[in-house]
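Participant: I am sharing final_2.cif, which consists of mmCIF, C-alpha atoms:
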```
data_final
loop_
_atom_site.label_atom_id
_atom_site.label_comp_id
_atom_site.auth_asym_id
_atom_site.auth_seq_id
_atom_site.Cartn_x
_atom_site.Cartn_y
_atom_site.Cartn_z
CA MET A 1 115.24 158.44 37.77
CA PHE A 2 115.41 158.81 41.59
CA GLY A 3 118.79 157.09 41.16
CA SER A 4 117.23 153.84 39.86
CA SER A 5 117.38 152.35 36.38
CA ILE A 6 114.41 151.68 34.13
CA HIS A 7 116.56 150.97 31.07
CA GLU A 8 115.13 147.46 31.05
CA LEU A 9 111.72 146.29 32.22
CA HIS A 10 109.69 143.08 32.07
CA LEU A 11 106.16 143.01 30.68
CA GLY A 12 105.20 140.28 33.15
CA GLY A 13 106.27 142.20 36.24
CA GLN A 14 109.65 140.61 36.97
CA ALA A 15 112.09 142.93 38.76
CA ASN A 16 115.07 144.35 36.89
CA ALA A 17 118.62 144.56 38.24
CA ALA A 18 117.68 147.70 40.19
CA GLY A 19 114.73 145.91 41.81
CA LEU A 20 112.09 147.81 39.82
CA ARG A 21 109.13 146.12 38.18
CA ILE A 22 105.94 147.10 36.42
CA VAL A 23 103.09 146.74 38.92
CA LYS A 24 100.24 148.31 36.98
CA VAL A 25 99.43 150.02 33.70
CA ALA A 26 96.70 152.65 33.53
CA PRO A 27 95.72 153.59 29.96
CA GLY A 28 95.11 157.17 28.89
CA PRO A 29 91.58 158.34 28.07
CA ALA A 30 91.59 157.28 24.40
CA ALA A 31 92.86 153.78 25.16
CA ALA A 32 90.70 153.29 28.25
CA ALA A 33 87.55 154.08 26.29
CA GLY A 34 88.27 151.09 24.05
CA GLY A 35 89.31 148.70 26.82
CA PHE A 36 92.98 148.72 25.90
CA ASP A 37 94.87 148.20 29.15
CA ARG A 38 97.62 145.57 28.67
CA LEU A 39 101.10 146.84 27.78
CA ASP A 40 103.10 145.06 25.09
CA VAL A 41 105.99 145.81 22.74
CA VAL A 42 105.54 144.98 19.05
CA GLY A 43 107.93 145.99 16.28
CA ASP A 44 110.02 147.97 18.80
CA ALA A 45 107.04 150.11 19.74
CA PHE A 46 104.71 150.26 22.71
CA VAL A 47 101.19 148.96 22.16
CA LEU A 48 98.20 148.49 24.44
CA ARG A 49 96.05 145.40 23.94
CA ASP A 50 92.43 144.73 24.80
CA ALA A 51 90.92 141.48 26.08
CA ARG A 52 90.80 140.04 22.55
CA GLY A 53 94.45 140.87 21.85
CA ALA A 54 93.78 143.76 19.46
CA ALA A 55 96.47 146.44 19.65
CA LEU A 56 96.44 150.21 19.91
CA ALA A 57 99.61 152.21 19.24
CA GLY A 58 101.10 155.62 18.50
CA PRO A 59 99.43 158.82 19.70
CA ALA A 60 96.51 156.83 21.12
CA LEU A 61 98.82 155.80 23.96
CA LEU A 62 99.31 159.34 25.25
CA GLY A 63 98.42 159.66 28.90
CA THR A 64 99.15 156.00 29.62
CA ARG A 65 100.79 155.57 33.03
CA ILE A 66 103.22 152.80 33.94
CA TYR A 67 103.44 152.25 37.69
CA LEU A 68 106.80 150.95 38.89
CA GLY A 69 107.26 149.17 42.20
CA ALA A 70 110.19 148.28 44.40
CA GLY A 71 110.25 146.42 47.69
CA GLY A 72 106.51 145.79 47.60
CA GLN A 73 105.61 149.47 47.21
CA THR A 74 104.87 151.75 44.27
CA PHE A 75 108.07 153.61 43.56
CA ALA A 76 107.21 155.96 40.69
CA THR A 77 104.83 156.52 37.82
CA VAL A 78 106.04 157.04 34.26
CA MET A 79 103.63 158.59 31.75
CA ILE A 80 103.74 158.45 27.96
CA ALA A 81 103.50 162.21 27.39
CA SER A 82 104.41 162.51 23.72
CA HIS A 83 104.98 160.45 20.61
CA ALA A 84 106.79 160.96 17.29
CA ARG A 85 107.91 158.94 14.31
CA VAL A 86 111.63 159.28 13.65
CA ALA A 87 113.50 158.34 10.47
CA ARG A 88 116.13 155.65 10.88
CA TRP A 89 119.61 156.07 9.41
CA ALA A 90 119.47 152.88 7.34
CA GLU A 91 118.01 152.70 3.86
CA GLY A 92 114.75 150.75 3.77
CA ALA A 93 114.42 150.59 7.55
CA PRO A 94 110.99 151.61 8.88
CA ASP A 95 110.61 154.79 10.89
CA VAL A 96 110.88 154.24 14.63
CA ASP A 97 108.43 155.27 17.36
CA ALA A 98 109.92 157.69 19.89
CA TYR A 99 108.30 158.64 23.19
CA GLY A 100 108.42 161.40 25.74
CA LEU A 101 108.42 159.45 29.03
CA VAL A 102 108.01 161.64 32.09
CA TYR A 103 107.74 161.29 35.85
CA VAL A 104 107.31 163.70 38.75
CA ASP A 105 110.35 163.97 41.00
CA GLY A 106 110.51 164.42 44.77
CA HIS A 107 110.12 168.18 44.33
CA HIS A 108 106.89 167.74 42.33
CA ILE A 109 108.64 168.77 39.10
CA GLU A 110 107.98 166.88 35.87
CA ARG A 111 111.13 165.26 34.47
CA ASN A 112 111.98 163.34 31.32
CA VAL A 113 113.33 159.86 32.11
CA CYS A 114 116.09 160.61 29.56
CA THR A 115 118.61 162.93 31.14
CA GLY A 116 120.76 165.40 29.24
CA TYR A 117 119.79 168.10 26.78
CA HIS A 118 116.23 168.34 25.46
CA ASP A 119 114.09 171.31 24.48
CA SER A 120 111.10 170.13 26.53
CA GLU A 121 110.59 167.83 29.49
CA ARG A 122 108.12 165.98 27.27
CA ALA A 123 110.50 165.66 24.31
CA PRO A 124 110.04 162.29 22.51
CA ILE A 125 113.62 161.06 22.90
CA ALA A 126 113.16 157.51 24.22
CA LEU A 127 113.11 154.47 21.93
CA VAL A 128 111.87 151.00 22.84
CA LEU A 129 113.68 147.80 21.85
CA GLY A 130 111.60 144.71 22.41
CA GLY A 131 112.65 141.19 23.27
CA GLU A 132 116.19 141.80 24.48
CA THR A 133 118.36 143.75 26.88
CA TYR A 134 121.94 145.02 26.72
CA ASP A 135 124.82 144.35 29.07
CA MET A 136 126.65 147.65 28.73
CA GLU A 137 129.52 146.49 30.93
CA ALA A 138 130.34 143.60 28.57
CA LYS A 139 128.84 145.35 25.51
CA GLU A 140 126.74 142.27 24.79
CA VAL A 141 123.21 141.61 23.52
CA ARG A 142 120.98 139.54 25.81
CA PRO A 143 118.07 138.10 23.77
CA ASP A 144 114.95 137.04 25.66
CA PRO A 145 113.44 133.87 24.11
CA GLU A 146 110.08 134.67 25.71
CA GLN A 147 110.06 138.22 24.33
CA ARG A 148 108.97 139.69 27.65
CA TRP A 149 111.92 141.94 28.49
CA PHE A 150 112.29 145.24 26.68
CA SER A 151 114.82 148.07 26.78
CA ILE A 152 114.26 151.83 26.92
CA ALA A 153 117.02 153.63 25.00
CA CYS A 154 117.53 157.39 25.29
CA ALA A 155 118.68 159.49 22.34
CA GLY A 156 122.45 159.39 22.03
CA SER A 157 122.85 156.05 23.81
CA ALA A 158 124.46 153.04 22.13
CA ALA A 159 121.16 151.11 22.18
CA ALA A 160 119.31 154.02 20.53
CA LYS A 161 121.96 154.19 17.80
CA LEU A 162 121.61 150.42 17.33
CA SER A 163 117.92 150.94 16.56
CA LEU A 164 118.48 153.99 14.37
CA LEU A 165 121.02 152.07 12.28
CA GLY A 166 118.26 149.59 11.43
CA TYR A 167 119.18 146.87 13.93
CA GLY A 168 116.08 146.93 16.12
CA PRO A 169 115.44 143.43 17.53
CA GLN A 170 111.76 143.37 16.55
CA SER A 171 111.84 145.79 13.62
CA SER A 172 114.60 144.14 11.57
CA LYS A 173 115.65 140.68 10.42
CA THR A 174 119.06 140.98 12.05
CA THR A 175 120.42 138.27 14.33
CA PRO A 176 121.65 138.76 17.91
CA ALA A 177 125.23 138.27 16.65
CA ARG A 178 124.81 141.02 14.05
CA ARG A 179 123.32 143.33 16.66
CA GLN A 180 126.16 142.59 19.04
CA ALA A 181 128.68 143.40 16.30
CA THR A 182 126.87 146.71 15.89
CA LEU A 183 126.99 147.39 19.63
CA LYS A 184 130.73 146.61 19.70
CA MET A 185 131.24 148.96 16.75
CA ILE A 186 129.24 151.85 18.23
CA THR A 187 131.10 151.64 21.53
CA ALA A 188 134.55 151.01 20.00
CA ASP A 189 135.00 147.82 22.01
CA TYR A 190 138.08 146.85 20.01
CA CYS A 191 139.21 143.98 22.23
CA GLY A 192 135.72 142.53 22.76
CA ASP A 193 136.09 142.64 26.54
CA GLY A 194 133.57 145.44 27.15
CA HIS A 195 136.07 148.29 27.38
CA SER A 196 135.04 151.26 25.24
CA TYR A 197 137.72 153.29 23.48
CA THR A 198 135.52 156.18 22.42
CA ALA A 199 133.80 159.20 23.97
CA ASP A 200 130.55 161.08 23.36
CA GLY A 201 130.73 163.21 20.26
CA THR A 202 133.66 161.39 18.63
CA PRO A 203 133.11 161.43 14.83
CA ILE A 204 133.17 158.16 12.91
CA GLN A 205 132.07 156.94 9.47
CA TRP A 206 130.61 153.52 8.86
CA GLU A 207 129.15 151.07 6.35
CA ASN A 208 127.55 147.68 6.88
CA VAL A 209 127.82 144.48 4.90
CA ALA A 210 124.10 144.54 4.03
CA GLY A 211 124.55 147.86 2.21
CA THR A 212 121.75 149.60 4.11
CA VAL A 213 124.24 152.05 5.67
CA GLU A 214 126.85 153.46 3.30
CA LEU A 215 129.68 155.96 3.39
CA THR A 216 128.55 159.52 2.73
CA ALA A 217 132.00 161.11 2.35
CA GLU A 218 135.58 160.13 1.58
CA PRO A 219 137.25 159.00 4.83
CA ALA A 220 140.79 159.68 5.99
CA ALA A 221 141.62 156.10 7.02
CA ILE A 222 140.15 152.72 7.90
CA GLU A 223 139.47 152.25 11.58
CA ALA A 224 138.36 148.62 11.95
CA VAL A 225 136.28 145.68 10.73
CA TRP A 226 133.74 144.50 13.31
CA THR A 227 132.16 141.21 14.39
CA ALA A 228 130.25 140.13 17.49
CA ASP A 229 133.62 139.52 19.20
CA GLY A 230 134.89 143.07 18.65
CA ALA A 231 137.37 144.33 16.04
CA LEU A 232 138.96 141.84 13.62
CA CYS A 233 141.65 144.38 12.77
CA LEU A 234 142.63 147.95 13.52
CA ASP A 235 144.38 150.58 11.41
CA GLU A 236 143.66 153.92 13.07
CA ALA A 237 141.93 154.27 16.44
CA ARG A 238 138.80 156.39 16.61
CA ILE A 239 140.52 158.75 19.02
CA ALA A 240 144.04 159.56 17.84
CA GLY A 241 146.80 158.30 20.09
CA THR A 242 144.66 155.68 21.84
CA GLU A 243 146.56 152.69 23.19
CA ILE A 244 144.51 149.50 23.44
CA ASP A 245 144.98 146.48 25.69
CA CYS A 246 145.04 143.81 22.99
CA THR A 247 147.00 143.07 19.83
CA LEU A 248 145.09 143.39 16.57
CA PRO A 249 146.41 143.00 13.01
CA ARG A 250 146.27 145.76 10.44
CA CYS A 251 143.26 145.68 8.13
CA GLY A 252 145.16 145.08 4.88
CA ASN A 253 144.02 141.45 4.70
CA TYR A 254 140.41 142.16 5.70
CA ASP A 255 137.46 143.83 4.03
CA LEU A 256 133.80 144.52 4.80
CA ALA A 257 132.75 140.99 3.81
CA ASP A 258 134.72 139.62 6.76
CA GLY A 259 132.49 141.32 9.32
CA GLU A 260 129.24 143.18 9.88
CA TRP A 261 130.69 146.70 9.79
CA MET A 262 133.72 148.57 8.53
CA THR A 263 134.44 151.90 10.17
CA TYR A 264 136.60 154.82 9.12
CA VAL A 265 138.23 157.88 10.62
CA PRO A 266 136.74 161.01 8.98
CA MET A 267 138.83 163.56 7.07
CA VAL A 268 137.89 166.29 9.54
CA GLN A 269 137.54 165.52 13.24
#
```
Take the structure from the file and write it as structure tokens.
Facilitator:
Amino acid sequence: MFGSSIHELHLGGQANAAGLRIVKVAPGPAAAAGGFDRLDVVGDAFVLRDARGAALAGPALLGTRIYLGAGGQTFATVMIASHARVARWAEGAPDVDAYGLVYVDGHHIERNVCTGYHDSERAPIALVLGGETYDMEAKEVRPDPEQRWFSIACAGSAAAKLSLLGYGPQSSKTTPARRQATLKMITADYCGDGHSYTADGTPIQWENVAGTVELTAEPAAIEAVWTADGALCLDEARIAGTEIDCTLPRCGNYDLADGEWMTYVPMVQ
């Protein structure tokens, strides 16, 4: 978005790593009529609160504008243009709120804050993860004890997959360590040093120790068992022929109970 990141923002107006901060929130017509004008994130969803703390959510937030500032000036305005409820991939996990977040670029053209393919500039393809941020260089979870930071995750990103797998920080009972194991697994950070050994579109099968995500087909081979530190073991790399920069044992002496996830190479790639 104008070359600056809004992947993480602070509800209290602190600047993110790109120097952007929320300077004002202007509710849409439905919310304004009820006095709902304070942005919050609850259950990994945007809400607007009124002076008494009551919350408004979902389609009632359409038209809400979030003004972002940098260097003491308003930088851009992001509007909640659409909303949808999306099924998560984990059994028993609640549906997740997805948003179409748009801004107007320097050529006065409306753009979705999530780049890449979408069938409409207002497509609801952004998820919100409340109370933590993600260091994608180190592939680590950064919990916020004050629950004021939140992350915006676009469809297809590792953070969005984390939420869809039922590991949303506010919408699940998972721990930061379990979420970090999931992030390491999604990104194929075998060595736990932040280096990803996968690429967009690479097929993988998975199951978690909680049993909420299970195998749906017979795999070809075990890939790895995963913890918050990366892979405990490795049999077959996700991308055939990959050479990794650490030494890991084979998975013969490990099973799913030793980690959070076990992953597999599919029969057909």
Participant: As a count of residues only, please: the residues near segment 77-86 of chain A (cut-off 9 Å, only C-alpha atoms, same-chain neighbours under 2 positions excluded).
Facilitator: 31
Participant: For a quick check of understanding, using all atoms listed in the file, which of A:Pro169, A:Gly13, A:Pro266, A:Gly43 has the smallest distance to Ala70 of chain A?
Facilitator: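 Closest candidate: A:Gly13.
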Participant: Could you pull the residues within 12 Å of segment 178-182 of chain A, counting all atoms listed in the file, minus those fewer than 3 positions along the same chain, as a PyMOL selection string?
Facilitator: chain A and resi 129+132-136+138-143+158-170+172-175+185-190+192+194+206-210+213+224-232+258-263
Participant: Create the file for the chosen residues now, containing C-alpha atoms and written as a PDB file, in the frame of the given file.
Facilitator:
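Written output follows (part-v4.pdb):
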```pdb
ATOM      1  CA  LEU A 129     113.680 147.800  21.850  1.00  0.00           C
ATOM      2  CA  GLU A 132     116.190 141.800  24.480  1.00  0.00           C
ATOM      3  CA  THR A 133     118.360 143.750  26.880  1.00  0.00           C
ATOM      4  CA  TYR A 134     121.940 145.020  26.720  1.00  0.00           C
ATOM      5  CA  ASP A 135     124.820 144.350  29.070  1.00  0.00           C
ATOM      6  CA  MET A 136     126.650 147.650  28.730  1.00  0.00           C
ATOM      7  CA  ALA A 138     130.340 143.600  28.570  1.00  0.00           C
ATOM      8  CA  LYS A 139     128.840 145.350  25.510  1.00  0.00           C
ATOM      9  CA  GLU A 140     126.740 142.270  24.790  1.00  0.00           C
ATOM     10  CA  VAL A 141     123.210 141.610  23.520  1.00  0.00           C
ATOM     11  CA  ARG A 142     120.980 139.540  25.810  1.00  0.00           C
ATOM     12  CA  PRO A 143     118.070 138.100  23.770  1.00  0.00           C
ATOM     13  CA  ALA A 158     124.460 153.040  22.130  1.00  0.00           C
ATOM     14  CA  ALA A 159     121.160 151.110  22.180  1.00  0.00           C
ATOM     15  CA  ALA A 160     119.310 154.020  20.530  1.00  0.00           C
ATOM     16  CA  LYS A 161     121.960 154.190  17.800  1.00  0.00           C
ATOM     17  CA  LEU A 162     121.610 150.420  17.330  1.00  0.00           C
ATOM     18  CA  SER A 163     117.920 150.940  16.560  1.00  0.00           C
ATOM     19  CA  LEU A 164     118.480 153.990  14.370  1.00  0.00           C
ATOM     20  CA  LEU A 165     121.020 152.070  12.280  1.00  0.00           C
ATOM     21  CA  GLY A 166     118.260 149.590  11.430  1.00  0.00           C
ATOM     22  CA  TYR A 167     119.180 146.870  13.930  1.00  0.00           C
ATOM     23  CA  GLY A 168     116.080 146.930  16.120  1.00  0.00           C
ATOM     24  CA  PRO A 169     115.440 143.430  17.530  1.00  0.00           C
ATOM     25  CA  GLN A 170     111.760 143.370  16.550  1.00  0.00           C
ATOM     26  CA  SER A 172     114.600 144.140  11.570  1.00  0.00           C
ATOM     27  CA  LYS A 173     115.650 140.680  10.420  1.00  0.00           C
ATOM     28  CA  THR A 174     119.060 140.980  12.050  1.00  0.00           C
ATOM     29  CA  THR A 175     120.420 138.270  14.330  1.00  0.00           C
ATOM     30  CA  MET A 185     131.240 148.960  16.750  1.00  0.00           C
ATOM     31  CA  ILE A 186     129.240 151.850  18.230  1.00  0.00           C
ATOM     32  CA  THR A 187     131.100 151.640  21.530  1.00  0.00           C
ATOM     33  CA  ALA A 188     134.550 151.010  20.000  1.00  0.00           C
ATOM     34  CA  ASP A 189     135.000 147.820  22.010  1.00  0.00           C
ATOM     35  CA  TYR A 190     138.080 146.850  20.010  1.00  0.00           C
ATOM     36  CA  GLY A 192     135.720 142.530  22.760  1.00  0.00           C
ATOM     37  CA  GLY A 194     133.570 145.440  27.150  1.00  0.00           C
ATOM     38  CA  TRP A 206     130.610 153.520   8.860  1.00  0.00           C
ATOM     39  CA  GLU A 207     129.150 151.070   6.350  1.00  0.00           C
ATOM     40  CA  ASN A 208     127.550 147.680   6.880  1.00  0.00           C
ATOM     41  CA  VAL A 209     127.820 144.480   4.900  1.00  0.00           C
ATOM     42  CA  ALA A 210     124.100 144.540   4.030  1.00  0.00           C
ATOM     43  CA  VAL A 213     124.240 152.050   5.670  1.00  0.00           C
ATOM     44  CA  ALA A 224     138.360 148.620  11.950  1.00  0.00           C
ATOM     45  CA  VAL A 225     136.280 145.680  10.730  1.00  0.00           C
ATOM     46  CA  TRP A 226     133.740 144.500  13.310  1.00  0.00           C
ATOM     47  CA  THR A 227     132.160 141.210  14.390  1.00  0.00           C
ATOM     48  CA  ALA A 228     130.250 140.130  17.490  1.00  0.00           C
ATOM     49  CA  ASP A 229     133.620 139.520  19.200  1.00  0.00           C
ATOM     50  CA  GLY A 230     134.890 143.070  18.650  1.00  0.00           C
ATOM     51  CA  ALA A 231     137.370 144.330  16.040  1.00  0.00           C
ATOM     52  CA  LEU A 232     138.960 141.840  13.620  1.00  0.00           C
ATOM     53  CA  ASP A 258     134.720 139.620   6.760  1.00  0.00           C
ATOM     54  CA  GLY A 259     132.490 141.320   9.320  1.00  0.00           C
ATOM     55  CA  GLU A 260     129.240 143.180   9.880  1.00  0.00           C
ATOM     56  CA  TRP A 261     130.690 146.700   9.790  1.00  0.00           C
ATOM     57  CA  MET A 262     133.720 148.570   8.530  1.00  0.00           C
ATOM     58  CA  THR A 263     134.440 151.900  10.170  1.00  0.00           C
TER      59      THR A 263
END
```
Participant: What separation in Å, quoted to one decimal, exists between atom CA of Ala54 of chain A and atom CA of Gly131 of chain A?
Facilitator: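 Atom-to-atom, atom CA of Ala54 of chain A and atom CA of Gly131 of chain A are spaced 19.4 Å apart.
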Participant: Report the residues retrieved by the PyMOL selection byres ((chain A and resi 47-51) around 8) from the displayed file, expressed as a PDB file with C-alpha atoms, in the frame of the given file.
Facilitator:
```
ATOM      1  CA  PRO A  27      95.720 153.590  29.960  1.00  0.00           C
ATOM      2  CA  ALA A  31      92.860 153.780  25.160  1.00  0.00           C
ATOM      3  CA  GLY A  34      88.270 151.090  24.050  1.00  0.00           C
ATOM      4  CA  GLY A  35      89.310 148.700  26.820  1.00  0.00           C
ATOM      5  CA  PHE A  36      92.980 148.720  25.900  1.00  0.00           C
ATOM      6  CA  ASP A  37      94.870 148.200  29.150  1.00  0.00           C
ATOM      7  CA  ARG A  38      97.620 145.570  28.670  1.00  0.00           C
ATOM      8  CA  LEU A  39     101.100 146.840  27.780  1.00  0.00           C
ATOM      9  CA  ASP A  40     103.100 145.060  25.090  1.00  0.00           C
ATOM     10  CA  VAL A  41     105.990 145.810  22.740  1.00  0.00           C
ATOM     11  CA  VAL A  42     105.540 144.980  19.050  1.00  0.00           C
ATOM     12  CA  ALA A  45     107.040 150.110  19.740  1.00  0.00           C
ATOM     13  CA  PHE A  46     104.710 150.260  22.710  1.00  0.00           C
ATOM     14  CA  ARG A  52      90.800 140.040  22.550  1.00  0.00           C
ATOM     15  CA  GLY A  53      94.450 140.870  21.850  1.00  0.00           C
ATOM     16  CA  ALA A  54      93.780 143.760  19.460  1.00  0.00           C
ATOM     17  CA  ALA A  55      96.470 146.440  19.650  1.00  0.00           C
ATOM     18  CA  LEU A  56      96.440 150.210  19.910  1.00  0.00           C
ATOM     19  CA  ALA A  57      99.610 152.210  19.240  1.00  0.00           C
ATOM     20  CA  GLY A  58     101.100 155.620  18.500  1.00  0.00           C
ATOM     21  CA  LEU A  61      98.820 155.800  23.960  1.00  0.00           C
TER      22      LEU A  61
END
```
Participant: Just the number, please: distance in Å from atom CA of Leu183 of chain A to atom CA of Ser151 of chain A, one decimal.
Facilitator: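 Here the two named atoms are 14.1 Å from each other.
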Participant: What is the distance between atom CA of Glu91 of chain A and atom CA of Asp200 of chain A, in Å to one decimal?
Facilitator: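 These two atoms are separated by 24.7 Å.
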